[in-house]
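Next comes coords_1.cif, a file with mmCIF, C-alpha atoms.
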data_protein
loop_
_atom_site.group_PDB
_atom_site.id
_atom_site.type_symbol
_atom_site.label_atom_id
_atom_site.label_comp_id
_atom_site.auth_asym_id
_atom_site.auth_seq_id
_atom_site.Cartn_x
_atom_site.Cartn_y
_atom_site.Cartn_z
ATOM 1 C CA MET H 855 112.165 198.904 97.486
ATOM 2 C CA ILE H 856 113.752 200.587 100.536
ATOM 3 C CA LEU H 857 110.790 199.557 102.708
ATOM 4 C CA LEU H 858 111.111 195.997 101.436
ATOM 5 C CA PHE H 859 114.791 195.778 102.387
ATOM 6 C CA ASP H 860 114.088 197.323 105.806
ATOM 7 C CA THR H 861 111.331 194.794 106.463
ATOM 8 C CA ALA H 862 113.494 191.852 105.354
ATOM 9 C CA MET H 863 116.386 193.038 107.557
ATOM 10 C CA LEU H 864 114.065 193.436 110.540
ATOM 11 C CA ALA H 865 112.625 189.947 110.038
ATOM 12 C CA LEU H 866 116.110 188.418 109.741
ATOM 13 C CA CYS H 867 117.334 190.151 112.894
ATOM 14 C CA ALA H 868 114.234 189.047 114.805
ATOM 15 C CA PHE H 869 114.769 185.465 113.651
ATOM 16 C CA LEU H 870 118.423 185.445 114.703
ATOM 17 C CA TYR H 871 117.653 187.129 118.023
ATOM 18 C CA THR H 872 114.876 184.675 118.945
ATOM 19 C CA ARG H 873 117.220 181.793 118.180
ATOM 20 C CA ARG H 874 119.811 183.493 120.383
ATOM 21 C CA LEU H 875 122.327 183.483 117.560
ATOM 22 C CA VAL H 876 122.977 187.213 118.083
ATOM 23 C CA GLY H 877 122.567 189.583 120.998
ATOM 24 C CA PHE H 878 120.563 192.800 121.141
ATOM 25 C CA ASP H 879 123.511 194.888 119.951
ATOM 26 C CA GLY H 880 123.884 192.506 117.021
ATOM 27 C CA VAL H 881 120.317 193.381 116.030
ATOM 28 C CA LEU H 882 120.403 197.122 116.688
ATOM 29 C CA ILE H 883 123.678 198.067 114.945
ATOM 30 C CA PRO H 884 122.946 196.379 111.563
ATOM 31 C CA LEU H 885 119.398 197.790 111.510
ATOM 32 C CA VAL H 886 120.521 201.353 112.217
ATOM 33 C CA ALA H 887 123.392 201.064 109.708
ATOM 34 C CA LEU H 888 121.103 199.771 106.956
ATOM 35 C CA MET H 889 118.268 202.242 107.483
ATOM 36 C CA SER H 890 120.565 205.270 107.704
ATOM 37 C CA SER H 891 122.481 204.319 104.548
ATOM 38 C CA PHE H 892 119.546 204.406 102.129
ATOM 39 C CA GLY H 893 119.205 208.232 102.145
ATOM 40 C CA PRO H 894 122.791 208.987 101.055
ATOM 41 C CA VAL H 895 122.761 206.097 98.558
ATOM 42 C CA THR H 896 119.535 207.389 96.971
ATOM 43 C CA ALA H 897 120.926 210.938 96.804
ATOM 44 C CA LEU H 898 124.126 209.648 95.213
ATOM 45 C CA ALA H 899 122.156 207.653 92.640
ATOM 46 C CA SER H 900 120.224 210.771 91.567
ATOM 47 C CA LEU H 901 123.316 212.974 91.541
ATOM 48 C CA GLY H 902 123.933 212.403 87.841
ATOM 49 C CA THR H 903 120.472 213.609 86.836
ATOM 50 C CA THR H 904 120.701 216.609 89.170
ATOM 51 C CA LEU H 905 124.120 217.572 87.859
ATOM 52 C CA GLN H 906 122.919 217.381 84.249
ATOM 53 C CA ALA H 907 120.064 219.813 84.972
ATOM 54 C CA THR H 908 122.413 222.101 86.937
ATOM 55 C CA VAL H 909 125.035 222.170 84.176
ATOM 56 C CA ALA H 910 122.374 222.836 81.510
ATOM 57 C CA SER H 911 120.891 225.693 83.571
ATOM 58 C CA GLY H 912 124.336 227.180 84.169
ATOM 59 C CA ALA H 913 125.155 227.002 80.470
ATOM 60 C CA ARG H 914 121.903 228.815 79.629
ATOM 61 C CA VAL H 915 122.644 231.560 82.168
ATOM 62 C CA LEU H 916 126.109 232.055 80.665
ATOM 63 C CA GLU H 917 124.607 232.217 77.163
ATOM 64 C CA VAL H 918 122.215 234.962 78.261
ATOM 65 C CA ILE H 919 125.013 236.907 79.998
ATOM 66 C CA GLU H 920 127.304 236.664 76.988
ATOM 67 C CA GLU H 921 124.588 237.336 74.396
ATOM 68 C CA ALA H 922 125.257 240.494 72.402
ATOM 69 C CA PRO H 923 122.300 242.878 71.889
ATOM 70 C CA GLU H 924 120.855 243.156 68.406
ATOM 71 C CA THR H 925 121.394 246.919 68.470
ATOM 72 C CA GLU H 926 123.929 248.877 70.497
ATOM 73 C CA ASP H 927 122.912 252.165 72.126
ATOM 74 C CA VAL H 928 123.823 255.227 70.072
ATOM 75 C CA THR H 929 125.460 258.068 72.003
ATOM 76 C CA GLY H 930 127.423 261.211 71.250
ATOM 77 C CA LYS H 931 125.149 262.521 68.476
ATOM 78 C CA GLU H 932 123.496 265.913 68.349
ATOM 79 C CA GLU H 933 120.059 265.958 70.008
ATOM 80 C CA ILE H 934 117.138 266.487 67.630
ATOM 81 C CA ALA H 935 113.445 267.345 67.929
ATOM 82 C CA PHE H 936 110.706 265.337 66.245
ATOM 83 C CA HIS H 937 109.532 266.625 62.870
ATOM 84 C CA GLY H 938 107.991 263.570 61.250
ATOM 85 C CA ALA H 939 109.225 260.090 60.337
ATOM 86 C CA GLU H 940 109.766 258.158 57.130
ATOM 87 C CA VAL H 941 110.736 254.737 55.820
ATOM 88 C CA LYS H 942 112.194 254.501 52.338
ATOM 89 C CA ASP H 943 112.813 251.415 50.189
ATOM 90 C CA LEU H 944 112.657 249.364 53.400
ATOM 91 C CA SER H 945 113.107 245.597 53.226
ATOM 92 C CA PHE H 946 113.451 243.307 56.220
ATOM 93 C CA SER H 947 113.466 239.596 56.927
ATOM 94 C CA TYR H 948 113.691 237.293 59.936
ATOM 95 C CA GLY H 949 116.292 234.773 58.904
ATOM 96 C CA GLY H 950 115.230 233.726 55.426
ATOM 97 C CA GLN H 951 111.604 234.817 55.808
ATOM 98 C CA SER H 952 110.908 238.124 54.098
ATOM 99 C CA VAL H 953 108.543 240.430 56.022
ATOM 100 C CA LEU H 954 108.864 243.873 54.424
ATOM 101 C CA ASN H 955 109.595 244.478 50.726
ATOM 102 C CA ASP H 956 110.659 247.879 49.330
ATOM 103 C CA LEU H 957 108.286 249.724 51.659
ATOM 104 C CA THR H 958 108.146 253.517 51.418
ATOM 105 C CA LEU H 959 105.913 255.463 53.821
ATOM 106 C CA ALA H 960 105.841 258.927 55.372
ATOM 107 C CA PHE H 961 104.402 259.889 58.751
ATOM 108 C CA PRO H 962 104.087 263.688 58.677
ATOM 109 C CA GLU H 963 104.221 265.724 61.839
ATOM 110 C CA GLY H 964 100.806 266.292 63.417
ATOM 111 C CA GLN H 965 98.955 263.577 61.492
ATOM 112 C CA LEU H 966 97.208 260.402 62.595
ATOM 113 C CA VAL H 967 98.156 257.629 60.161
ATOM 114 C CA GLY H 968 96.382 254.275 60.215
ATOM 115 C CA VAL H 969 98.049 251.120 58.901
ATOM 116 C CA VAL H 970 95.712 248.199 58.366
ATOM 117 C CA GLY H 971 96.343 244.685 57.110
ATOM 118 C CA LYS H 972 96.095 241.002 57.938
ATOM 119 C CA SER H 973 98.237 239.410 60.644
ATOM 120 C CA GLY H 974 101.757 238.694 59.406
ATOM 121 C CA CYS H 975 101.874 241.421 56.760
ATOM 122 C CA GLY H 976 104.650 243.314 58.575
ATOM 123 C CA LYS H 977 102.765 245.963 60.582
ATOM 124 C CA SER H 978 104.357 245.161 63.952
ATOM 125 C CA THR H 979 107.794 244.806 62.359
ATOM 126 C CA LEU H 980 107.450 248.312 60.947
ATOM 127 C CA LEU H 981 106.895 249.710 64.452
ATOM 128 C CA LYS H 982 109.866 247.801 65.870
ATOM 129 C CA LEU H 983 112.122 249.175 63.149
ATOM 130 C CA LEU H 984 110.935 252.709 63.903
ATOM 131 C CA MET H 985 111.873 252.005 67.537
ATOM 132 C CA ARG H 986 115.238 250.604 66.332
ATOM 133 C CA PHE H 987 114.752 247.268 68.053
ATOM 134 C CA TRP H 988 116.287 245.721 64.918
ATOM 135 C CA ARG H 989 118.953 247.054 62.593
ATOM 136 C CA VAL H 990 117.929 248.126 59.124
ATOM 137 C CA ARG H 991 120.138 246.565 56.469
ATOM 138 C CA ASN H 992 118.128 247.352 53.334
ATOM 139 C CA GLY H 993 116.524 250.765 52.991
ATOM 140 C CA GLN H 994 116.258 253.569 55.526
ATOM 141 C CA VAL H 995 114.235 254.469 58.605
ATOM 142 C CA SER H 996 114.517 258.136 59.519
ATOM 143 C CA ILE H 997 113.253 260.507 62.200
ATOM 144 C CA SER H 998 113.231 264.239 61.435
ATOM 145 C CA GLY H 999 115.188 263.496 58.273
ATOM 146 C CA ARG H 1000 117.966 261.622 60.100
ATOM 147 C CA SER H 1001 118.533 257.874 60.083
ATOM 148 C CA VAL H 1002 117.614 256.212 63.372
ATOM 149 C CA GLU H 1003 121.135 254.759 63.332
ATOM 150 C CA ASP H 1004 122.438 258.310 63.845
ATOM 151 C CA VAL H 1005 120.025 259.331 66.610
ATOM 152 C CA ASN H 1006 120.984 258.947 70.261
ATOM 153 C CA THR H 1007 119.028 256.018 71.698
ATOM 154 C CA ARG H 1008 117.845 258.058 74.685
ATOM 155 C CA ASN H 1009 116.768 260.869 72.349
ATOM 156 C CA LEU H 1010 114.878 258.382 70.163
ATOM 157 C CA ARG H 1011 113.066 256.857 73.152
ATOM 158 C CA GLU H 1012 112.060 260.329 74.363
ATOM 159 C CA MET H 1013 110.487 261.097 70.973
ATOM 160 C CA GLU H 1014 108.504 257.845 70.718
ATOM 161 C CA SER H 1015 105.791 256.188 72.800
ATOM 162 C CA TYR H 1016 105.323 252.539 71.876
ATOM 163 C CA MET H 1017 102.419 250.310 72.868
ATOM 164 C CA THR H 1018 102.903 246.626 72.061
ATOM 165 C CA GLN H 1019 100.175 244.086 71.322
ATOM 166 C CA GLU H 1020 100.809 242.289 74.629
ATOM 167 C CA THR H 1021 101.144 244.577 77.644
ATOM 168 C CA GLN H 1022 103.836 243.352 80.039
ATOM 169 C CA LEU H 1023 103.034 244.019 83.687
ATOM 170 C CA PHE H 1024 105.245 243.485 86.722
ATOM 171 C CA LYS H 1025 104.388 242.184 90.189
ATOM 172 C CA ASP H 1026 103.660 245.639 91.535
ATOM 173 C CA THR H 1027 100.773 248.027 92.043
ATOM 174 C CA ILE H 1028 98.851 249.606 89.182
ATOM 175 C CA ALA H 1029 100.561 252.940 89.911
ATOM 176 C CA GLY H 1030 103.988 251.273 89.904
ATOM 177 C CA ASN H 1031 103.287 249.629 86.547
ATOM 178 C CA LEU H 1032 102.097 252.909 85.075
ATOM 179 C CA ARG H 1033 105.214 254.763 86.232
ATOM 180 C CA VAL H 1034 107.333 252.465 84.061
ATOM 181 C CA ALA H 1035 106.548 255.019 81.342
ATOM 182 C CA LYS H 1036 107.449 258.046 83.501
ATOM 183 C CA LEU H 1037 109.193 257.427 86.802
ATOM 184 C CA ASP H 1038 108.484 260.863 88.259
ATOM 185 C CA ALA H 1039 104.834 261.031 87.196
ATOM 186 C CA THR H 1040 102.485 262.650 89.707
ATOM 187 C CA ASP H 1041 99.218 261.093 90.849
ATOM 188 C CA GLU H 1042 97.338 263.687 88.773
ATOM 189 C CA GLU H 1043 99.263 262.674 85.651
ATOM 190 C CA LEU H 1044 98.477 259.001 86.304
ATOM 191 C CA ARG H 1045 94.765 259.723 86.619
ATOM 192 C CA ALA H 1046 94.723 261.892 83.481
ATOM 193 C CA ALA H 1047 96.442 259.166 81.421
ATOM 194 C CA CYS H 1048 94.086 256.490 82.745
ATOM 195 C CA LYS H 1049 91.020 258.590 81.950
ATOM 196 C CA LYS H 1050 92.205 258.890 78.357
ATOM 197 C CA ALA H 1051 92.658 255.099 78.262
ATOM 198 C CA SER H 1052 89.181 254.510 79.771
ATOM 199 C CA ILE H 1053 90.603 252.592 82.760
ATOM 200 C CA HIS H 1054 90.325 255.171 85.576
ATOM 201 C CA ASP H 1055 86.744 254.292 86.571
ATOM 202 C CA PHE H 1056 87.630 250.598 86.797
ATOM 203 C CA ILE H 1057 90.703 251.305 88.946
ATOM 204 C CA MET H 1058 88.618 253.353 91.379
ATOM 205 C CA THR H 1059 86.342 250.328 91.968
ATOM 206 C CA LEU H 1060 89.299 248.261 93.217
ATOM 207 C CA PRO H 1061 89.876 247.929 96.990
ATOM 208 C CA LYS H 1062 93.086 249.977 97.003
ATOM 209 C CA GLY H 1063 92.595 251.992 93.820
ATOM 210 C CA TYR H 1064 95.910 252.784 92.138
ATOM 211 C CA ASP H 1065 97.754 250.959 94.944
ATOM 212 C CA THR H 1066 96.099 247.637 94.087
ATOM 213 C CA PRO H 1067 98.644 244.875 93.257
ATOM 214 C CA VAL H 1068 98.203 243.372 89.788
ATOM 215 C CA GLY H 1069 99.800 239.990 90.579
ATOM 216 C CA GLU H 1070 102.490 238.128 88.667
ATOM 217 C CA LEU H 1071 102.446 239.328 85.038
ATOM 218 C CA GLY H 1072 99.151 241.086 85.775
ATOM 219 C CA ASP H 1073 97.249 237.822 86.203
ATOM 220 C CA THR H 1074 94.570 239.484 88.368
ATOM 221 C CA LEU H 1075 93.490 241.634 85.403
ATOM 222 C CA SER H 1076 91.705 240.705 82.199
ATOM 223 C CA GLY H 1077 93.325 241.068 78.779
ATOM 224 C CA GLY H 1078 91.330 244.226 78.056
ATOM 225 C CA GLU H 1079 92.281 245.793 81.398
ATOM 226 C CA ARG H 1080 95.972 245.059 80.829
ATOM 227 C CA GLN H 1081 95.697 246.531 77.348
ATOM 228 C CA ARG H 1082 94.168 249.769 78.638
ATOM 229 C CA ILE H 1083 96.946 250.081 81.234
ATOM 230 C CA GLY H 1084 99.425 249.702 78.358
ATOM 231 C CA LEU H 1085 97.659 252.480 76.488
ATOM 232 C CA ALA H 1086 97.700 254.661 79.619
ATOM 233 C CA ARG H 1087 101.476 254.157 79.743
ATOM 234 C CA ALA H 1088 101.750 255.445 76.178
ATOM 235 C CA PHE H 1089 99.655 258.523 77.047
ATOM 236 C CA LEU H 1090 101.702 259.089 80.220
ATOM 237 C CA HIS H 1091 105.011 259.068 78.321
ATOM 238 C CA ASP H 1092 103.559 261.920 76.231
ATOM 239 C CA ALA H 1093 106.016 261.659 73.338
ATOM 240 C CA PRO H 1094 105.433 263.525 70.049
ATOM 241 C CA PHE H 1095 105.415 260.246 68.052
ATOM 242 C CA LEU H 1096 102.872 257.691 69.279
ATOM 243 C CA LEU H 1097 103.204 254.101 67.979
ATOM 244 C CA LEU H 1098 100.194 251.911 68.767
ATOM 245 C CA ASP H 1099 100.123 248.226 67.867
ATOM 246 C CA GLU H 1100 96.551 246.873 67.997
ATOM 247 C CA PRO H 1101 95.574 249.114 70.957
ATOM 248 C CA THR H 1102 91.932 247.976 71.025
ATOM 249 C CA SER H 1103 92.129 244.326 69.964
ATOM 250 C CA ASN H 1104 90.931 243.011 73.373
ATOM 251 C CA LEU H 1105 88.258 245.643 73.997
ATOM 252 C CA ASP H 1106 84.521 245.676 73.497
ATOM 253 C CA SER H 1107 82.987 248.128 71.052
ATOM 254 C CA LEU H 1108 81.984 250.627 73.769
ATOM 255 C CA ASN H 1109 85.472 250.915 75.291
ATOM 256 C CA GLU H 1110 87.003 250.968 71.819
ATOM 257 C CA ALA H 1111 84.849 253.935 70.865
ATOM 258 C CA VAL H 1112 85.861 255.836 74.016
ATOM 259 C CA ILE H 1113 89.564 255.151 73.430
ATOM 260 C CA LEU H 1114 89.430 256.061 69.744
ATOM 261 C CA LYS H 1115 87.791 259.351 70.719
ATOM 262 C CA SER H 1116 90.643 259.966 73.193
ATOM 263 C CA LEU H 1117 93.185 259.085 70.516
ATOM 264 C CA LYS H 1118 91.675 261.555 68.105
ATOM 265 C CA GLU H 1119 91.909 264.274 70.753
ATOM 266 C CA GLU H 1120 95.423 263.206 71.820
ATOM 267 C CA ALA H 1121 96.592 263.300 68.199
ATOM 268 C CA ARG H 1122 96.381 267.074 68.105
ATOM 269 C CA GLY H 1123 99.948 268.299 67.811
ATOM 270 C CA LYS H 1124 101.344 264.748 67.708
ATOM 271 C CA THR H 1125 102.109 262.160 65.068
ATOM 272 C CA VAL H 1126 100.219 258.931 65.711
ATOM 273 C CA LEU H 1127 100.834 255.650 63.887
ATOM 274 C CA LEU H 1128 97.837 253.407 64.579
ATOM 275 C CA VAL H 1129 98.239 249.774 63.510
ATOM 276 C CA SER H 1130 95.319 247.348 63.376
ATOM 277 C CA HIS H 1131 93.947 244.417 61.419
ATOM 278 C CA ARG H 1132 90.451 245.942 61.625
ATOM 279 C CA LYS H 1133 89.453 248.771 59.308
ATOM 280 C CA SER H 1134 86.910 250.000 61.860
ATOM 281 C CA THR H 1135 89.752 250.830 64.289
ATOM 282 C CA VAL H 1136 91.649 253.091 61.871
ATOM 283 C CA ARG H 1137 88.576 254.986 60.687
ATOM 284 C CA ILE H 1138 89.644 257.979 62.816
ATOM 285 C CA ALA H 1139 92.936 258.325 60.908
ATOM 286 C CA ASP H 1140 93.726 261.274 58.643
ATOM 287 C CA GLU H 1141 95.326 258.807 56.233
ATOM 288 C CA ILE H 1142 94.764 255.052 55.963
ATOM 289 C CA ILE H 1143 97.436 252.773 54.484
ATOM 290 C CA GLU H 1144 96.633 249.167 53.612
ATOM 291 C CA MET H 1145 99.459 246.612 53.741
ATOM 292 C CA ALA H 1146 99.685 243.122 52.302
ATOM 293 C CA ASP H 1147 102.715 240.835 52.124
ATOM 294 C CA GLY H 1148 105.085 243.536 53.358
ATOM 295 C CA ARG H 1149 104.005 246.102 50.791
ATOM 296 C CA VAL H 1150 101.478 248.915 50.453
ATOM 297 C CA SER H 1151 98.507 247.364 48.671
#
Would you give me this structure, written as structure tokens?
Amino acid sequence: MILLFDTAMLALCAFLYTRRLVGFDGVLIPLVALMSSFGPVTALASLGTTLQATVASGARVLEVIEEAPETEDVTGKEEIAFHGAEVKDLSFSYGGQSVLNDLTLAFPEGQLVGVVGKSGCGKSTLLKLLMRFWRVRNGQVSISGRSVEDVNTRNLREMESYMTQETQLFKDTIAGNLRVAKLDATDEELRAACKKASIHDFIMTLPKGYDTPVGELGDTLSGGERQRIGLARAFLHDAPFLLLDEPTSNLDSLNEAVILKSLKEEARGKTVLLVSHRKSTVRIADEIIEMADGRVS
């Protein structure tokens, strides 16, 4: 449309100039004025749409800033050591959807406990409640005989290592992503954790080894490689209570066997809660608990 108006104006000016109805300045000034006005007019016309997007983005930023956390950090309590965990008469729901129903389980110190069940039966929710990511309103979640609501948040995090189903990686090197679990970890500690997670040999084949960038959200790595880095983080944190949510779901049978062997060895002196939807994964457990519909089946 702009090109059409420019062409029409040029043709009109040429016609008037050839008929000597206007001089050269009478051609030049209107042409320059018309052509230079379309940019600001177009920007002004789109201002409404731009402002709407800007206002909506600003409102979202303010919502995030003002959003209150689901759980506040607990401070000022007496520090405790880990001596087992327990959930008693635990019920939990997301909105109106019930996930856990009167669940009672014990995770004794020094034991490897496997929890198996279909997707959606509440296994991951159980781990999040043990981490106190959500508040317990019905029942009790306790560590060393004390409710997680009465344990300092920093103390709780020091006692627990948590591996999620989806490993979140940052735009950094492999070593930098591993040190999320332990900021002052030495290179020897990184290598030891990665060997337990069966990822060390792969890292050493990369051009820069542990200094190799993983890309945005780890997009240069496969799902299984990201998962093994997540498991290495859990080993590196070296907490007495290890919570593993589907740690081998993206791995082939060979790597799974190596990692399960490492888990069995790592479990000595620790409490490990191994969650999976496959019974073959939890076969190494000292005790296997089957869940269905938020209950022990």
Practice prompt. Write out as a ChimeraX atom specification each polymer residue whose atoms come within 7 Å of Glu940 in chain H, counting only C-alpha atoms; drop sequence neighbours fewer than 4 positions from it.
Written response: /H:959-961,995-997
Near-Ala868 in chain H list (12 Å; all atoms listed in the file; drop same-chain fewer than 2 positions) as a short mmCIF file (atom, residue, chain, number, x, y, z; two decimals) with C-alpha atoms, keeping the file's coordinate frame:
data_model
loop_
_atom_site.label_atom_id
_atom_site.label_comp_id
_atom_site.auth_asym_id
_atom_site.auth_seq_id
_atom_site.Cartn_x
_atom_site.Cartn_y
_atom_site.Cartn_z
CA THR H 861 111.33 194.79 106.46
CA ALA H 862 113.49 191.85 105.35
CA MET H 863 116.39 193.04 107.56
CA LEU H 864 114.06 193.44 110.54
CA ALA H 865 112.62 189.95 110.04
CA LEU H 866 116.11 188.42 109.74
CA LEU H 870 118.42 185.44 114.70
CA TYR H 871 117.65 187.13 118.02
CA THR H 872 114.88 184.68 118.94
CA ARG H 873 117.22 181.79 118.18
CA ARG H 874 119.81 183.49 120.38
CA LEU H 875 122.33 183.48 117.56
CA VAL H 876 122.98 187.21 118.08
CA GLY H 877 122.57 189.58 121.00
CA PHE H 878 120.56 192.80 121.14
CA GLY H 880 123.88 192.51 117.02
CA VAL H 881 120.32 193.38 116.03
CA LEU H 882 120.40 197.12 116.69
CA PRO H 884 122.95 196.38 111.56
CA LEU H 885 119.40 197.79 111.51
#
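Put simply, CA of Val969 in chain H is 21.9 Å away from CA of Leu1108 in chain H.
Going from CA of Gly1063 in chain H to CA of Lys1049 in chain H covers 13.7 Å.
Those residues returned by the PyMOL selection byres ((chain H and resi 1021) around 8) for this file are Met1017, Thr1018, Gln1019, Glu1020, Gln1022, Leu1023, Arg1080, Gln1081, Ile1083 and Gly1084 of chain H.
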- Selection result for the PyMOL selection byres ((chain H and resi 972) around 10) on this file, as a ChimeraX atom specification: /H:970-971,973-977,1130-1132,1144-1147
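The environment of Leu1096 in chain H within 10 Å, counting all atoms listed in the file and disregarding residues fewer than 3 places along the same chain, consists of Leu966, Met1013, Glu1014, Ser1015, Tyr1016, Met1017, Ala1088, Phe1089, His1091, Asp1092, Ala1093, Asp1099, Leu1117, Glu1120, Ala1121, Lys1124, Thr1125, Val1126, Leu1127 and Leu1128 of chain H.
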* Just the residues within 9 Å of Cys1048 in chain H, please, counting all atoms listed in the file, with nothing from its chain fewer than 6 positions along; format it as a PyMOL selection string. => chain H and resi 1054-1055+1057+1082-1083+1085-1087+1089-1090
On this structure, which residues satisfy the PyMOL selection byres ((chain H and resi 1025) around 6), written as a list in words?
Phe1024, Asp1026, Gly1069 and Glu1070 of chain H
If I put a ball of radius 10 Å at (108.5, 244.8, 54.5) in the file's coordinates, which residues poke into it when counting all atoms listed in the file, written as an mmCIF file with C-alpha atoms, in the frame of the given file?
data_model
loop_
_atom_site.group_PDB
_atom_site.id
_atom_site.type_symbol
_atom_site.label_atom_id
_atom_site.label_comp_id
_atom_site.auth_asym_id
_atom_site.auth_seq_id
_atom_site.Cartn_x
_atom_site.Cartn_y
_atom_site.Cartn_z
ATOM 1 C CA ASP H 943 112.813 251.415 50.189
ATOM 2 C CA LEU H 944 112.657 249.364 53.400
ATOM 3 C CA SER H 945 113.107 245.597 53.226
ATOM 4 C CA PHE H 946 113.451 243.307 56.220
ATOM 5 C CA SER H 947 113.466 239.596 56.927
ATOM 6 C CA SER H 952 110.908 238.124 54.098
ATOM 7 C CA VAL H 953 108.543 240.430 56.022
ATOM 8 C CA LEU H 954 108.864 243.873 54.424
ATOM 9 C CA ASN H 955 109.595 244.478 50.726
ATOM 10 C CA ASP H 956 110.659 247.879 49.330
ATOM 11 C CA LEU H 957 108.286 249.724 51.659
ATOM 12 C CA THR H 958 108.146 253.517 51.418
ATOM 13 C CA CYS H 975 101.874 241.421 56.760
ATOM 14 C CA GLY H 976 104.650 243.314 58.575
ATOM 15 C CA LYS H 977 102.765 245.963 60.582
ATOM 16 C CA THR H 979 107.794 244.806 62.359
ATOM 17 C CA LEU H 980 107.450 248.312 60.947
ATOM 18 C CA MET H 1145 99.459 246.612 53.741
ATOM 19 C CA ALA H 1146 99.685 243.122 52.302
ATOM 20 C CA ASP H 1147 102.715 240.835 52.124
ATOM 21 C CA GLY H 1148 105.085 243.536 53.358
ATOM 22 C CA ARG H 1149 104.005 246.102 50.791
ATOM 23 C CA VAL H 1150 101.478 248.915 50.453
#
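The residue that comes closest to Ser1103 in chain H, out of H:Lys1050, H:Arg914, H:Arg1033, H:Lys1133 and on the basis of all atoms listed in the file, is H:Lys1133.
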All heavy atoms are needed for range 991-996 of chain H; please write them out as a PDB file, in the frame of the given file.
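Writing done, so here's part.pdb:
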ATOM      1  N   ARG H 991     119.028 246.886  57.379  1.00  0.00           N
ATOM      2  CA  ARG H 991     120.138 246.565  56.469  1.00  0.00           C
ATOM      3  C   ARG H 991     119.822 246.913  55.010  1.00  0.00           C
ATOM      4  O   ARG H 991     120.717 247.081  54.205  1.00  0.00           O
ATOM      5  CB  ARG H 991     120.504 245.084  56.601  1.00  0.00           C
ATOM      6  CG  ARG H 991     121.097 244.756  57.979  1.00  0.00           C
ATOM      7  CD  ARG H 991     121.423 243.283  58.135  1.00  0.00           C
ATOM      8  NE  ARG H 991     122.129 243.024  59.385  1.00  0.00           N
ATOM      9  CZ  ARG H 991     121.552 242.882  60.569  1.00  0.00           C
ATOM     10  NH1 ARG H 991     120.233 242.977  60.655  1.00  0.00           N
ATOM     11  NH2 ARG H 991     122.258 242.648  61.653  1.00  0.00           N
ATOM     12  N   ASN H 992     118.536 246.989  54.688  1.00  0.00           N
ATOM     13  CA  ASN H 992     118.128 247.352  53.334  1.00  0.00           C
ATOM     14  C   ASN H 992     117.075 248.455  53.408  1.00  0.00           C
ATOM     15  O   ASN H 992     115.975 248.225  53.915  1.00  0.00           O
ATOM     16  CB  ASN H 992     117.551 246.133  52.595  1.00  0.00           C
ATOM     17  CG  ASN H 992     118.577 245.037  52.398  1.00  0.00           C
ATOM     18  OD1 ASN H 992     119.572 245.228  51.712  1.00  0.00           O
ATOM     19  ND2 ASN H 992     118.352 243.887  53.010  1.00  0.00           N
ATOM     20  N   GLY H 993     117.432 249.640  52.913  1.00  0.00           N
ATOM     21  CA  GLY H 993     116.524 250.765  52.991  1.00  0.00           C
ATOM     22  C   GLY H 993     116.895 251.686  54.141  1.00  0.00           C
ATOM     23  O   GLY H 993     117.979 251.582  54.727  1.00  0.00           O
ATOM     24  N   GLN H 994     115.960 252.576  54.491  1.00  0.00           N
ATOM     25  CA  GLN H 994     116.258 253.569  55.526  1.00  0.00           C
ATOM     26  C   GLN H 994     115.016 253.859  56.363  1.00  0.00           C
ATOM     27  O   GLN H 994     113.901 253.932  55.857  1.00  0.00           O
ATOM     28  CB  GLN H 994     116.753 254.870  54.889  1.00  0.00           C
ATOM     29  CG  GLN H 994     117.256 255.896  55.902  1.00  0.00           C
ATOM     30  CD  GLN H 994     117.850 257.119  55.228  1.00  0.00           C
ATOM     31  OE1 GLN H 994     117.341 257.588  54.227  1.00  0.00           O
ATOM     32  NE2 GLN H 994     118.932 257.654  55.785  1.00  0.00           N
ATOM     33  N   VAL H 995     115.258 254.008  57.662  1.00  0.00           N
ATOM     34  CA  VAL H 995     114.235 254.469  58.605  1.00  0.00           C
ATOM     35  C   VAL H 995     114.764 255.763  59.197  1.00  0.00           C
ATOM     36  O   VAL H 995     115.856 255.785  59.772  1.00  0.00           O
ATOM     37  CB  VAL H 995     113.976 253.431  59.718  1.00  0.00           C
ATOM     38  CG1 VAL H 995     112.980 253.988  60.729  1.00  0.00           C
ATOM     39  CG2 VAL H 995     113.471 252.126  59.136  1.00  0.00           C
ATOM     40  N   SER H 996     114.007 256.839  59.068  1.00  0.00           N
ATOM     41  CA  SER H 996     114.517 258.136  59.519  1.00  0.00           C
ATOM     42  C   SER H 996     113.501 258.864  60.384  1.00  0.00           C
ATOM     43  O   SER H 996     112.289 258.713  60.219  1.00  0.00           O
ATOM     44  CB  SER H 996     114.899 259.015  58.322  1.00  0.00           C
ATOM     45  OG  SER H 996     113.790 259.190  57.464  1.00  0.00           O
TER      46      SER H 996
END
